[in-house]
>>> print(open('my_file26.tsv').read())   # TSV, N, CA, C and O atoms
chain	number	residue	atom	x	y	z
F	1139	MET	N	-57.97	-93.91	198.84
F	1139	MET	CA	-57.01	-92.84	198.64
F	1139	MET	C	-57.12	-92.34	197.20
F	1139	MET	O	-57.06	-93.11	196.26
F	1140	ASN	N	-57.29	-91.07	197.05
F	1140	ASN	CA	-57.37	-90.47	195.74
F	1140	ASN	C	-55.96	-90.12	195.28
F	1140	ASN	O	-55.30	-89.28	195.88
F	1141	HIS	N	-55.51	-90.73	194.20
F	1141	HIS	CA	-54.16	-90.50	193.70
F	1141	HIS	C	-54.03	-89.17	192.98
F	1141	HIS	O	-52.93	-88.70	192.76
F	1142	PHE	N	-55.14	-88.57	192.59
F	1142	PHE	CA	-55.09	-87.38	191.76
F	1142	PHE	C	-55.43	-86.09	192.51
F	1142	PHE	O	-55.88	-85.13	191.91
F	1143	ASP	N	-55.21	-86.05	193.82
F	1143	ASP	CA	-55.43	-84.83	194.59
F	1143	ASP	C	-54.46	-83.75	194.12
F	1143	ASP	O	-53.25	-83.99	194.02
F	1144	ILE	N	-54.97	-82.57	193.83
F	1144	ILE	CA	-54.11	-81.48	193.39
F	1144	ILE	C	-53.67	-80.69	194.62
F	1144	ILE	O	-54.49	-80.21	195.39
F	1145	THR	N	-52.37	-80.61	194.80
F	1145	THR	CA	-51.81	-79.86	195.91
F	1145	THR	C	-50.75	-78.91	195.37
F	1145	THR	O	-50.22	-79.10	194.28
F	1146	GLU	N	-50.45	-77.87	196.13
F	1146	GLU	CA	-49.35	-76.98	195.75
F	1146	GLU	C	-48.06	-77.77	195.88
F	1146	GLU	O	-47.78	-78.35	196.92
F	1147	ASN	N	-47.29	-77.82	194.82
F	1147	ASN	CA	-46.08	-78.63	194.87
F	1147	ASN	C	-44.81	-77.81	194.66
F	1147	ASN	O	-43.80	-78.36	194.27
F	1148	ILE	N	-44.88	-76.51	194.93
F	1148	ILE	CA	-43.71	-75.65	194.82
F	1148	ILE	C	-43.54	-74.90	196.14
F	1148	ILE	O	-44.46	-74.23	196.60
F	1149	SER	N	-42.36	-75.03	196.73
F	1149	SER	CA	-42.09	-74.35	197.99
F	1149	SER	C	-41.74	-72.89	197.73
F	1149	SER	O	-41.56	-72.47	196.58
F	1150	THR	N	-41.61	-72.12	198.79
F	1150	THR	CA	-41.26	-70.71	198.66
F	1150	THR	C	-39.86	-70.54	198.08
F	1150	THR	O	-39.63	-69.68	197.22
F	1151	THR	N	-38.93	-71.38	198.50
F	1151	THR	CA	-37.58	-71.33	197.95
F	1151	THR	C	-37.58	-71.64	196.47
F	1151	THR	O	-36.93	-70.96	195.67
F	1152	ASP	N	-38.30	-72.68	196.09
F	1152	ASP	CA	-38.41	-73.05	194.67
F	1152	ASP	C	-39.08	-71.94	193.88
F	1152	ASP	O	-38.71	-71.67	192.73
F	1153	GLN	N	-40.05	-71.28	194.47
F	1153	GLN	CA	-40.74	-70.18	193.81
F	1153	GLN	C	-39.77	-69.03	193.53
F	1153	GLN	O	-39.77	-68.47	192.43
F	1154	ILE	N	-38.94	-68.70	194.48
F	1154	ILE	CA	-37.97	-67.62	194.29
F	1154	ILE	C	-36.94	-68.01	193.23
F	1154	ILE	O	-36.59	-67.20	192.36
F	1155	LEU	N	-36.45	-69.24	193.30
F	1155	LEU	CA	-35.46	-69.69	192.32
F	1155	LEU	C	-36.02	-69.73	190.91
F	1155	LEU	O	-35.34	-69.37	189.94
F	1156	ARG	N	-37.27	-70.16	190.76
F	1156	ARG	CA	-37.90	-70.19	189.44
F	1156	ARG	C	-38.07	-68.78	188.88
F	1156	ARG	O	-37.84	-68.54	187.71
F	1157	THR	N	-38.47	-67.85	189.72
F	1157	THR	CA	-38.63	-66.47	189.27
F	1157	THR	C	-37.29	-65.88	188.85
F	1157	THR	O	-37.18	-65.22	187.81
F	1158	PHE	N	-36.26	-66.13	189.64
F	1158	PHE	CA	-34.93	-65.62	189.32
F	1158	PHE	C	-34.40	-66.24	188.03
F	1158	PHE	O	-33.87	-65.53	187.16
F	1159	ALA	N	-34.53	-67.57	187.88
F	1159	ALA	CA	-34.05	-68.24	186.67
F	1159	ALA	C	-34.84	-67.79	185.44
F	1159	ALA	O	-34.26	-67.59	184.36
F	1160	GLY	N	-36.13	-67.61	185.59
F	1160	GLY	CA	-36.95	-67.13	184.48
F	1160	GLY	C	-36.56	-65.73	184.05
F	1160	GLY	O	-36.50	-65.42	182.85
F	1161	THR	N	-36.26	-64.88	185.03
F	1161	THR	CA	-35.82	-63.53	184.72
F	1161	THR	C	-34.48	-63.54	183.99
F	1161	THR	O	-34.29	-62.81	183.01
F	1162	LEU	N	-33.56	-64.38	184.45
F	1162	LEU	CA	-32.26	-64.47	183.79
F	1162	LEU	C	-32.39	-64.99	182.35
F	1162	LEU	O	-31.72	-64.50	181.44
F	1163	LEU	N	-33.24	-65.98	182.15
F	1163	LEU	CA	-33.45	-66.50	180.80
F	1163	LEU	C	-34.09	-65.46	179.89
F	1163	LEU	O	-33.74	-65.35	178.71
F	1164	LEU	N	-35.01	-64.70	180.42
F	1164	LEU	CA	-35.64	-63.65	179.62
F	1164	LEU	C	-34.63	-62.56	179.26
F	1164	LEU	O	-34.60	-62.09	178.12
F	1165	LEU	N	-33.77	-62.20	180.21
F	1165	LEU	CA	-32.72	-61.22	179.91
F	1165	LEU	C	-31.73	-61.76	178.89
F	1165	LEU	O	-31.26	-61.02	178.02
F	1166	ALA	N	-31.41	-63.04	178.99
F	1166	ALA	CA	-30.50	-63.65	178.01
F	1166	ALA	C	-31.12	-63.65	176.62
F	1166	ALA	O	-30.43	-63.45	175.62
F	1167	ALA	N	-32.42	-63.84	176.55
F	1167	ALA	CA	-33.09	-63.81	175.25
F	1167	ALA	C	-33.14	-62.40	174.68
F	1167	ALA	O	-32.97	-62.22	173.47
F	1168	LEU	N	-33.35	-61.41	175.53
F	1168	LEU	CA	-33.44	-60.03	175.06
F	1168	LEU	C	-32.09	-59.48	174.61
F	1168	LEU	O	-32.02	-58.66	173.70
F	1169	THR	N	-31.03	-59.93	175.26
F	1169	THR	CA	-29.70	-59.43	174.89
F	1169	THR	C	-29.01	-60.30	173.85
F	1169	THR	O	-27.93	-59.95	173.39
F	1170	ALA	N	-29.61	-61.42	173.51
F	1170	ALA	CA	-29.06	-62.35	172.50
F	1170	ALA	C	-27.63	-62.76	172.85
F	1170	ALA	O	-26.73	-62.72	172.02
F	1171	THR	N	-27.42	-63.18	174.10
F	1171	THR	CA	-26.08	-63.59	174.54
F	1171	THR	C	-25.68	-64.96	174.02
F	1171	THR	O	-24.51	-65.28	173.98
F	1172	VAL	N	-26.65	-65.78	173.64
F	1172	VAL	CA	-26.37	-67.11	173.10
F	1172	VAL	C	-26.85	-67.12	171.65
F	1172	VAL	O	-28.02	-67.34	171.37
F	1173	PRO	N	-25.94	-66.91	170.69
F	1173	PRO	CA	-26.36	-66.74	169.30
F	1173	PRO	C	-26.82	-68.03	168.61
F	1173	PRO	O	-27.54	-67.98	167.63
F	1174	ASP	N	-26.42	-69.20	169.10
F	1174	ASP	CA	-26.75	-70.46	168.42
F	1174	ASP	C	-28.11	-71.02	168.80
F	1174	ASP	O	-28.50	-72.06	168.28
F	1175	VAL	N	-28.82	-70.38	169.70
F	1175	VAL	CA	-30.12	-70.88	170.16
F	1175	VAL	C	-31.23	-70.09	169.46
F	1175	VAL	O	-31.13	-68.87	169.28
F	1176	HIS	N	-32.28	-70.81	169.08
F	1176	HIS	CA	-33.43	-70.14	168.44
F	1176	HIS	C	-33.98	-69.08	169.39
F	1176	HIS	O	-34.08	-69.31	170.60
F	1177	PRO	N	-34.36	-67.92	168.87
F	1177	PRO	CA	-34.79	-66.81	169.74
F	1177	PRO	C	-36.02	-67.09	170.60
F	1177	PRO	O	-36.25	-66.39	171.58
F	1178	SER	N	-36.81	-68.09	170.29
F	1178	SER	CA	-38.02	-68.33	171.08
F	1178	SER	C	-37.84	-69.36	172.19
F	1178	SER	O	-38.75	-69.56	172.99
F	1179	VAL	N	-36.68	-70.01	172.27
F	1179	VAL	CA	-36.48	-71.07	173.28
F	1179	VAL	C	-36.43	-70.49	174.69
F	1179	VAL	O	-37.14	-70.95	175.59
F	1180	PHE	N	-35.60	-69.49	174.91
F	1180	PHE	CA	-35.45	-68.93	176.26
F	1180	PHE	C	-36.73	-68.27	176.77
F	1180	PHE	O	-37.09	-68.48	177.94
F	1181	PRO	N	-37.46	-67.51	175.96
F	1181	PRO	CA	-38.71	-66.93	176.49
F	1181	PRO	C	-39.76	-67.98	176.84
F	1181	PRO	O	-40.52	-67.79	177.80
F	1182	ILE	N	-39.81	-69.08	176.10
F	1182	ILE	CA	-40.78	-70.13	176.43
F	1182	ILE	C	-40.44	-70.77	177.77
F	1182	ILE	O	-41.31	-70.98	178.62
F	1183	ILE	N	-39.17	-71.10	177.97
F	1183	ILE	CA	-38.74	-71.70	179.24
F	1183	ILE	C	-38.94	-70.70	180.38
F	1183	ILE	O	-39.39	-71.06	181.48
F	1184	ALA	N	-38.62	-69.43	180.13
F	1184	ALA	CA	-38.79	-68.40	181.16
F	1184	ALA	C	-40.26	-68.24	181.53
F	1184	ALA	O	-40.60	-68.11	182.71
F	1185	ALA	N	-41.14	-68.26	180.53
F	1185	ALA	CA	-42.58	-68.14	180.81
F	1185	ALA	C	-43.06	-69.32	181.65
F	1185	ALA	O	-43.84	-69.14	182.59
F	1186	TYR	N	-42.60	-70.52	181.33
F	1186	TYR	CA	-43.00	-71.71	182.10
F	1186	TYR	C	-42.55	-71.56	183.55
F	1186	TYR	O	-43.32	-71.80	184.49
F	1187	LEU	N	-41.29	-71.17	183.76
F	1187	LEU	CA	-40.78	-71.04	185.12
F	1187	LEU	C	-41.50	-69.97	185.92
F	1187	LEU	O	-41.88	-70.19	187.08
F	1188	VAL	N	-41.71	-68.82	185.31
F	1188	VAL	CA	-42.36	-67.72	186.03
F	1188	VAL	C	-43.83	-68.04	186.31
F	1188	VAL	O	-44.33	-67.79	187.41
F	1189	LEU	N	-44.53	-68.60	185.34
F	1189	LEU	CA	-45.95	-68.92	185.55
F	1189	LEU	C	-46.14	-70.00	186.61
F	1189	LEU	O	-47.06	-69.93	187.43
F	1190	THR	N	-45.28	-71.02	186.61
F	1190	THR	CA	-45.41	-72.03	187.66
F	1190	THR	C	-45.04	-71.47	189.02
F	1190	THR	O	-45.59	-71.91	190.03
F	1191	ALA	N	-44.13	-70.51	189.06
F	1191	ALA	CA	-43.81	-69.87	190.34
F	1191	ALA	C	-44.98	-69.04	190.85
F	1191	ALA	O	-45.28	-69.04	192.04
F	1192	ILE	N	-45.68	-68.36	189.94
F	1192	ILE	CA	-46.84	-67.55	190.34
F	1192	ILE	C	-47.97	-68.45	190.84
F	1192	ILE	O	-48.60	-68.16	191.86
F	1193	MET	N	-48.22	-69.55	190.14
F	1193	MET	CA	-49.32	-70.45	190.50
F	1193	MET	C	-48.98	-71.36	191.67
F	1193	MET	O	-49.86	-71.97	192.27
F	1194	LYS	N	-47.67	-71.48	191.99
F	1194	LYS	CA	-47.18	-72.42	193.02
F	1194	LYS	C	-47.62	-73.85	192.71
F	1194	LYS	O	-47.91	-74.64	193.60
F	1195	TRP	N	-47.65	-74.17	191.41
F	1195	TRP	CA	-48.05	-75.51	190.98
F	1195	TRP	C	-47.32	-75.83	189.69
F	1195	TRP	O	-47.35	-75.06	188.74
F	1196	ASP	N	-46.66	-76.98	189.65
F	1196	ASP	CA	-45.90	-77.40	188.48
F	1196	ASP	C	-46.57	-78.64	187.88
F	1196	ASP	O	-46.67	-79.67	188.55
F	1197	PRO	N	-47.05	-78.55	186.63
F	1197	PRO	CA	-47.74	-79.70	186.04
F	1197	PRO	C	-46.82	-80.91	185.84
F	1197	PRO	O	-47.27	-82.05	185.99
F	1198	ILE	N	-45.56	-80.69	185.53
F	1198	ILE	CA	-44.64	-81.82	185.37
F	1198	ILE	C	-44.40	-82.48	186.72
F	1198	ILE	O	-44.40	-83.71	186.85
F	1199	GLY	N	-44.22	-81.67	187.75
F	1199	GLY	CA	-44.07	-82.22	189.10
F	1199	GLY	C	-45.32	-82.94	189.57
F	1199	GLY	O	-45.25	-83.94	190.28
F	1200	TYR	N	-46.49	-82.46	189.15
F	1200	TYR	CA	-47.75	-83.10	189.50
F	1200	TYR	C	-47.83	-84.50	188.88
F	1200	TYR	O	-48.23	-85.46	189.54
F	1201	VAL	N	-47.43	-84.63	187.61
F	1201	VAL	CA	-47.46	-85.93	186.95
F	1201	VAL	C	-46.51	-86.90	187.66
F	1201	VAL	O	-46.86	-88.07	187.89
F	1202	ILE	N	-45.35	-86.40	188.04
F	1202	ILE	CA	-44.40	-87.25	188.77
F	1202	ILE	C	-44.98	-87.67	190.12
F	1202	ILE	O	-44.87	-88.83	190.52
F	1203	GLU	N	-45.64	-86.75	190.82
F	1203	GLU	CA	-46.27	-87.08	192.11
F	1203	GLU	C	-47.34	-88.15	191.94
F	1203	GLU	O	-47.45	-89.07	192.75
F	1204	VAL	N	-48.18	-88.02	190.91
F	1204	VAL	CA	-49.25	-88.99	190.69
F	1204	VAL	C	-48.67	-90.37	190.42
F	1204	VAL	O	-49.13	-91.38	190.97
F	1205	VAL	N	-47.63	-90.43	189.60
F	1205	VAL	CA	-47.00	-91.72	189.30
F	1205	VAL	C	-46.42	-92.33	190.57
F	1205	VAL	O	-46.59	-93.53	190.83
F	1206	LEU	N	-45.77	-91.51	191.39
F	1206	LEU	CA	-45.22	-92.03	192.64
F	1206	LEU	C	-46.32	-92.47	193.60
F	1206	LEU	O	-46.16	-93.46	194.32
F	1207	ARG	N	-47.44	-91.75	193.64
F	1207	ARG	CA	-48.56	-92.17	194.50
F	1207	ARG	C	-49.14	-93.50	194.03
F	1207	ARG	O	-49.48	-94.36	194.84
F	1208	ILE	N	-49.27	-93.66	192.72
F	1208	ILE	CA	-49.85	-94.90	192.18
F	1208	ILE	C	-48.96	-96.09	192.52
F	1208	ILE	O	-49.45	-97.16	192.89
F	1209	PHE	N	-47.65	-95.92	192.41
F	1209	PHE	CA	-46.74	-97.03	192.69
F	1209	PHE	C	-46.36	-97.13	194.16
F	1209	PHE	O	-45.54	-97.95	194.53
F	1210	GLY	N	-46.95	-96.30	195.01
F	1210	GLY	CA	-46.77	-96.43	196.45
F	1210	GLY	C	-45.51	-95.83	197.00
F	1210	GLY	O	-45.11	-96.13	198.12
F	1211	HIS	N	-44.84	-94.95	196.28
F	1211	HIS	CA	-43.62	-94.31	196.77
F	1211	HIS	C	-43.96	-92.90	197.25
F	1211	HIS	O	-43.65	-91.92	196.62
F	1212	THR	N	-44.59	-92.82	198.40
F	1212	THR	CA	-44.97	-91.52	198.95
F	1212	THR	C	-44.11	-91.21	200.14
F	1212	THR	O	-43.34	-92.05	200.63
F	1213	ASP	N	-44.22	-90.01	200.67
F	1213	ASP	CA	-43.47	-89.59	201.84
F	1213	ASP	C	-44.19	-89.94	203.13
F	1213	ASP	O	-43.89	-89.36	204.18
F	1214	ALA	N	-45.16	-90.84	203.07
F	1214	ALA	CA	-45.91	-91.21	204.25
F	1214	ALA	C	-44.99	-91.91	205.25
F	1214	ALA	O	-44.10	-92.66	204.85
F	1215	PRO	N	-45.17	-91.66	206.52
F	1215	PRO	CA	-44.32	-92.32	207.50
F	1215	PRO	C	-44.55	-93.83	207.50
F	1215	PRO	O	-45.64	-94.31	207.23
F	1216	ALA	N	-43.50	-94.54	207.77
F	1216	ALA	CA	-43.58	-96.01	207.77
F	1216	ALA	C	-44.44	-96.47	208.93
F	1216	ALA	O	-44.38	-95.96	210.03
F	1217	ARG	N	-45.27	-97.48	208.66
F	1217	ARG	CA	-46.13	-98.03	209.69
F	1217	ARG	C	-45.40	-99.17	210.41
F	1217	ARG	O	-44.63	-99.90	209.80
F	1218	ALA	N	-45.68	-99.32	211.67
F	1218	ALA	CA	-45.12	-100.44	212.41
F	1218	ALA	C	-45.88	-101.71	212.02
F	1218	ALA	O	-47.10	-101.71	211.89
F	1219	LEU	N	-45.14	-102.78	211.80
F	1219	LEU	CA	-45.77	-104.04	211.42
F	1219	LEU	C	-46.23	-104.79	212.65
F	1219	LEU	O	-45.56	-104.82	213.68
F	1220	THR	N	-47.38	-105.42	212.51
F	1220	THR	CA	-47.86	-106.27	213.60
F	1220	THR	C	-47.27	-107.66	213.44
F	1220	THR	O	-46.59	-107.95	212.45
F	1221	SER	N	-47.53	-108.52	214.35
F	1221	SER	CA	-46.92	-109.85	214.33
F	1221	SER	C	-47.39	-110.70	213.15
F	1221	SER	O	-46.69	-111.59	212.71
F	1222	ASN	N	-48.60	-110.43	212.60
F	1222	ASN	CA	-49.10	-111.24	211.50
F	1222	ASN	C	-48.79	-110.63	210.12
F	1222	ASN	O	-49.22	-111.14	209.12
F	1223	GLN	N	-48.04	-109.55	210.07
F	1223	GLN	CA	-47.65	-108.93	208.80
F	1223	GLN	C	-46.18	-109.21	208.53
F	1223	GLN	O	-45.40	-109.43	209.44
F	1224	SER	N	-45.84	-109.20	207.26
F	1224	SER	CA	-44.43	-109.40	206.91
F	1224	SER	C	-43.96	-108.25	206.04
F	1224	SER	O	-44.76	-107.44	205.56
F	1225	TYR	N	-42.68	-108.18	205.80
F	1225	TYR	CA	-42.11	-107.13	204.98
F	1225	TYR	C	-42.29	-107.42	203.49
F	1225	TYR	O	-42.11	-106.55	202.67
F	1226	VAL	N	-42.61	-108.62	203.12
F	1226	VAL	CA	-42.73	-109.02	201.72
F	1226	VAL	C	-44.14	-108.74	201.23
F	1226	VAL	O	-45.11	-109.14	201.87
F	1227	ARG	N	-44.25	-108.07	200.09
F	1227	ARG	CA	-45.57	-107.83	199.49
F	1227	ARG	C	-46.04	-109.09	198.80
F	1227	ARG	O	-45.28	-109.77	198.14
F	1228	ARG	N	-47.31	-109.37	198.92
F	1228	ARG	CA	-47.86	-110.56	198.26
F	1228	ARG	C	-48.85	-110.16	197.22
F	1228	ARG	O	-49.47	-109.21	197.20
>>> encode(input="my_file26.tsv", output="structure tokens")
Amino acid sequence: MNHFDITENISTTDQILRTFAGTLLLLAALTATVPDVHPSVFPIIAAYLVLTAIMKWDPIGYVIEVVLRIFGHTDAPARALTSNQSYVRR
């Protein structure tokens, strides 16, 4: 099993929400509605959200997926145990 397979990890709903949130953050940066935040913070976050929505791939989510694959916490269906197997890992 290759733990580092690259797959699309953003659904259509997540893609829409990321685009909407990125647009709102960009508008907040342009109108300066939050005066205590550095002017470059919102555009950077907005760019990340919009670009990951366009690519349908999130690098942070990919790292989390790889870590979960390595430690065996995947969404794979549970296998039925045979009589000579136990629930305890050895």
>>> atom_distance(input="my_file26.tsv", atom1="atom CA of F:Ile1208", atom2="atom CA of F:Phe1142")
9.2 Å
>>> closest_residue(input="my_file26.tsv", among="F:Ala1185, F:Ala1191, F:Ala1170, F:Ile1202", to="F:Asp1152", atoms="only N, CA, C and O atoms")
F:Ala1191
>>> residues_near_point(input="my_file26.tsv", point="(-36.3, -70.6, 183.5)", cutoff="8 Å", atoms="all atoms listed in the file", output="list in words")
Leu1155, Arg1156, Thr1157, Phe1158, Ala1159, Gly1160, Thr1161, Leu1162, Leu1163, Leu1164, Val1179, Phe1180, Pro1181, Ile1182, Ile1183, Ala1184, Ala1185, Tyr1186, Leu1187 and Val1188 of chain F
>>> atom_distance(input="my_file26.tsv", atom1="atom O of F:Ala1166", atom2="atom O of F:Ser1178")
10.7 Å
>>> closest_residue(input="my_file26.tsv", among="F:Leu1189, F:Asp1196, F:Leu1168, F:Val1175", to="F:Ile1148", atoms="all atoms listed in the file")
F:Asp1196
>>> atom_distance(input="my_file26.tsv", atom1="atom N of F:Ile1154", atom2="atom N of F:Pro1197")
15.0 Å
>>> residues_near_point(input="my_file26.tsv", point="(-48.1, -74.4, 199.0)", cutoff="8 Å", atoms="all atoms listed in the file", output="ChimeraX atom specification")
/F:1145-1150,1193-1195
>>> write_last_selection(input="my_file26.tsv", atoms="N, CA, C and O atoms", output="CSV table (one decimal), in the frame of the given file")
chain,number,residue,atom,x,y,z
F,1145,THR,N,-52.4,-80.6,194.8
F,1145,THR,CA,-51.8,-79.9,195.9
F,1145,THR,C,-50.8,-78.9,195.4
F,1145,THR,O,-50.2,-79.1,194.3
F,1146,GLU,N,-50.4,-77.9,196.1
F,1146,GLU,CA,-49.4,-77.0,195.8
F,1146,GLU,C,-48.1,-77.8,195.9
F,1146,GLU,O,-47.8,-78.4,196.9
F,1147,ASN,N,-47.3,-77.8,194.8
F,1147,ASN,CA,-46.1,-78.6,194.9
F,1147,ASN,C,-44.8,-77.8,194.7
F,1147,ASN,O,-43.8,-78.4,194.3
F,1148,ILE,N,-44.9,-76.5,194.9
F,1148,ILE,CA,-43.7,-75.6,194.8
F,1148,ILE,C,-43.5,-74.9,196.1
F,1148,ILE,O,-44.5,-74.2,196.6
F,1149,SER,N,-42.4,-75.0,196.7
F,1149,SER,CA,-42.1,-74.4,198.0
F,1149,SER,C,-41.7,-72.9,197.7
F,1149,SER,O,-41.6,-72.5,196.6
F,1150,THR,N,-41.6,-72.1,198.8
F,1150,THR,CA,-41.3,-70.7,198.7
F,1150,THR,C,-39.9,-70.5,198.1
F,1150,THR,O,-39.6,-69.7,197.2
F,1193,MET,N,-48.2,-69.6,190.1
F,1193,MET,CA,-49.3,-70.4,190.5
F,1193,MET,C,-49.0,-71.4,191.7
F,1193,MET,O,-49.9,-72.0,192.3
F,1194,LYS,N,-47.7,-71.5,192.0
F,1194,LYS,CA,-47.2,-72.4,193.0
F,1194,LYS,C,-47.6,-73.8,192.7
F,1194,LYS,O,-47.9,-74.6,193.6
F,1195,TRP,N,-47.6,-74.2,191.4
F,1195,TRP,CA,-48.0,-75.5,191.0
F,1195,TRP,C,-47.3,-75.8,189.7
F,1195,TRP,O,-47.4,-75.1,188.7
>>> decode(input="my_file26.tsv", residues="stretch 1160-1221 of chain F", atoms="C-alpha atoms", output="mmCIF file, in the first residue's frame")
data_model
loop_
_atom_site.group_PDB
_atom_site.id
_atom_site.type_symbol
_atom_site.label_atom_id
_atom_site.label_comp_id
_atom_site.auth_asym_id
_atom_site.auth_seq_id
_atom_site.Cartn_x
_atom_site.Cartn_y
_atom_site.Cartn_z
ATOM 1 C CA GLY F 1160 -11.959 33.472 0.571
ATOM 2 C CA THR F 1161 -14.105 36.076 -1.143
ATOM 3 C CA LEU F 1162 -15.385 37.367 2.199
ATOM 4 C CA LEU F 1163 -11.859 37.591 3.597
ATOM 5 C CA LEU F 1164 -10.661 39.450 0.524
ATOM 6 C CA LEU F 1165 -13.560 41.901 0.807
ATOM 7 C CA ALA F 1166 -12.805 42.381 4.506
ATOM 8 C CA ALA F 1167 -9.200 43.167 3.631
ATOM 9 C CA LEU F 1168 -10.174 45.643 0.914
ATOM 10 C CA THR F 1169 -12.636 47.500 3.116
ATOM 11 C CA ALA F 1170 -10.371 47.409 6.195
ATOM 12 C CA THR F 1171 -13.229 46.325 8.482
ATOM 13 C CA VAL F 1172 -10.809 44.879 11.055
ATOM 14 C CA PRO F 1173 -8.327 47.640 11.904
ATOM 15 C CA ASP F 1174 -6.170 45.658 14.385
ATOM 16 C CA VAL F 1175 -5.091 43.009 11.859
ATOM 17 C CA HIS F 1176 -2.066 43.437 9.596
ATOM 18 C CA PRO F 1177 -3.270 44.259 6.058
ATOM 19 C CA SER F 1178 -1.614 41.204 4.481
ATOM 20 C CA VAL F 1179 -3.142 38.510 6.736
ATOM 21 C CA PHE F 1180 -6.603 38.297 5.157
ATOM 22 C CA PRO F 1181 -5.405 38.279 1.518
ATOM 23 C CA ILE F 1182 -2.924 35.472 2.265
ATOM 24 C CA ILE F 1183 -5.607 33.320 3.902
ATOM 25 C CA ALA F 1184 -8.054 34.185 1.105
ATOM 26 C CA ALA F 1185 -5.514 33.211 -1.556
ATOM 27 C CA TYR F 1186 -4.887 29.871 0.176
ATOM 28 C CA LEU F 1187 -8.609 29.099 0.386
ATOM 29 C CA VAL F 1188 -9.401 30.096 -3.184
ATOM 30 C CA LEU F 1189 -6.376 28.330 -4.705
ATOM 31 C CA THR F 1190 -7.077 25.097 -2.846
ATOM 32 C CA ALA F 1191 -10.701 25.304 -3.976
ATOM 33 C CA ILE F 1192 -9.595 25.722 -7.604
ATOM 34 C CA MET F 1193 -7.120 22.825 -7.410
ATOM 35 C CA LYS F 1194 -9.515 20.639 -5.342
ATOM 36 C CA TRP F 1195 -6.482 19.658 -3.280
ATOM 37 C CA ASP F 1196 -5.451 20.856 0.178
ATOM 38 C CA PRO F 1197 -1.793 20.312 1.160
ATOM 39 C CA ILE F 1198 -2.544 20.492 4.893
ATOM 40 C CA GLY F 1199 -5.339 17.957 4.481
ATOM 41 C CA TYR F 1200 -2.979 15.785 2.441
ATOM 42 C CA VAL F 1201 -0.410 15.733 5.265
ATOM 43 C CA ILE F 1202 -3.132 14.767 7.719
ATOM 44 C CA GLU F 1203 -4.316 11.987 5.375
ATOM 45 C CA VAL F 1204 -0.782 10.604 5.016
ATOM 46 C CA VAL F 1205 -0.285 10.553 8.783
ATOM 47 C CA LEU F 1206 -3.612 8.779 9.250
ATOM 48 C CA ARG F 1207 -2.724 6.242 6.527
ATOM 49 C CA ILE F 1208 0.643 5.530 8.136
ATOM 50 C CA PHE F 1209 -0.926 4.928 11.546
ATOM 51 C CA GLY F 1210 -3.708 2.806 10.051
ATOM 52 C CA HIS F 1211 -6.666 5.121 10.691
ATOM 53 C CA THR F 1212 -8.295 5.004 7.272
ATOM 54 C CA ASP F 1213 -11.920 4.891 6.183
ATOM 55 C CA ALA F 1214 -11.468 1.344 4.897
ATOM 56 C CA PRO F 1215 -14.328 -0.966 5.799
ATOM 57 C CA ALA F 1216 -13.690 -3.283 8.704
ATOM 58 C CA ARG F 1217 -12.693 -6.809 7.760
ATOM 59 C CA ALA F 1218 -14.353 -9.828 9.289
ATOM 60 C CA LEU F 1219 -11.997 -11.752 11.541
ATOM 61 C CA THR F 1220 -11.396 -15.422 10.975
ATOM 62 C CA SER F 1221 -11.235 -17.904 13.811
#
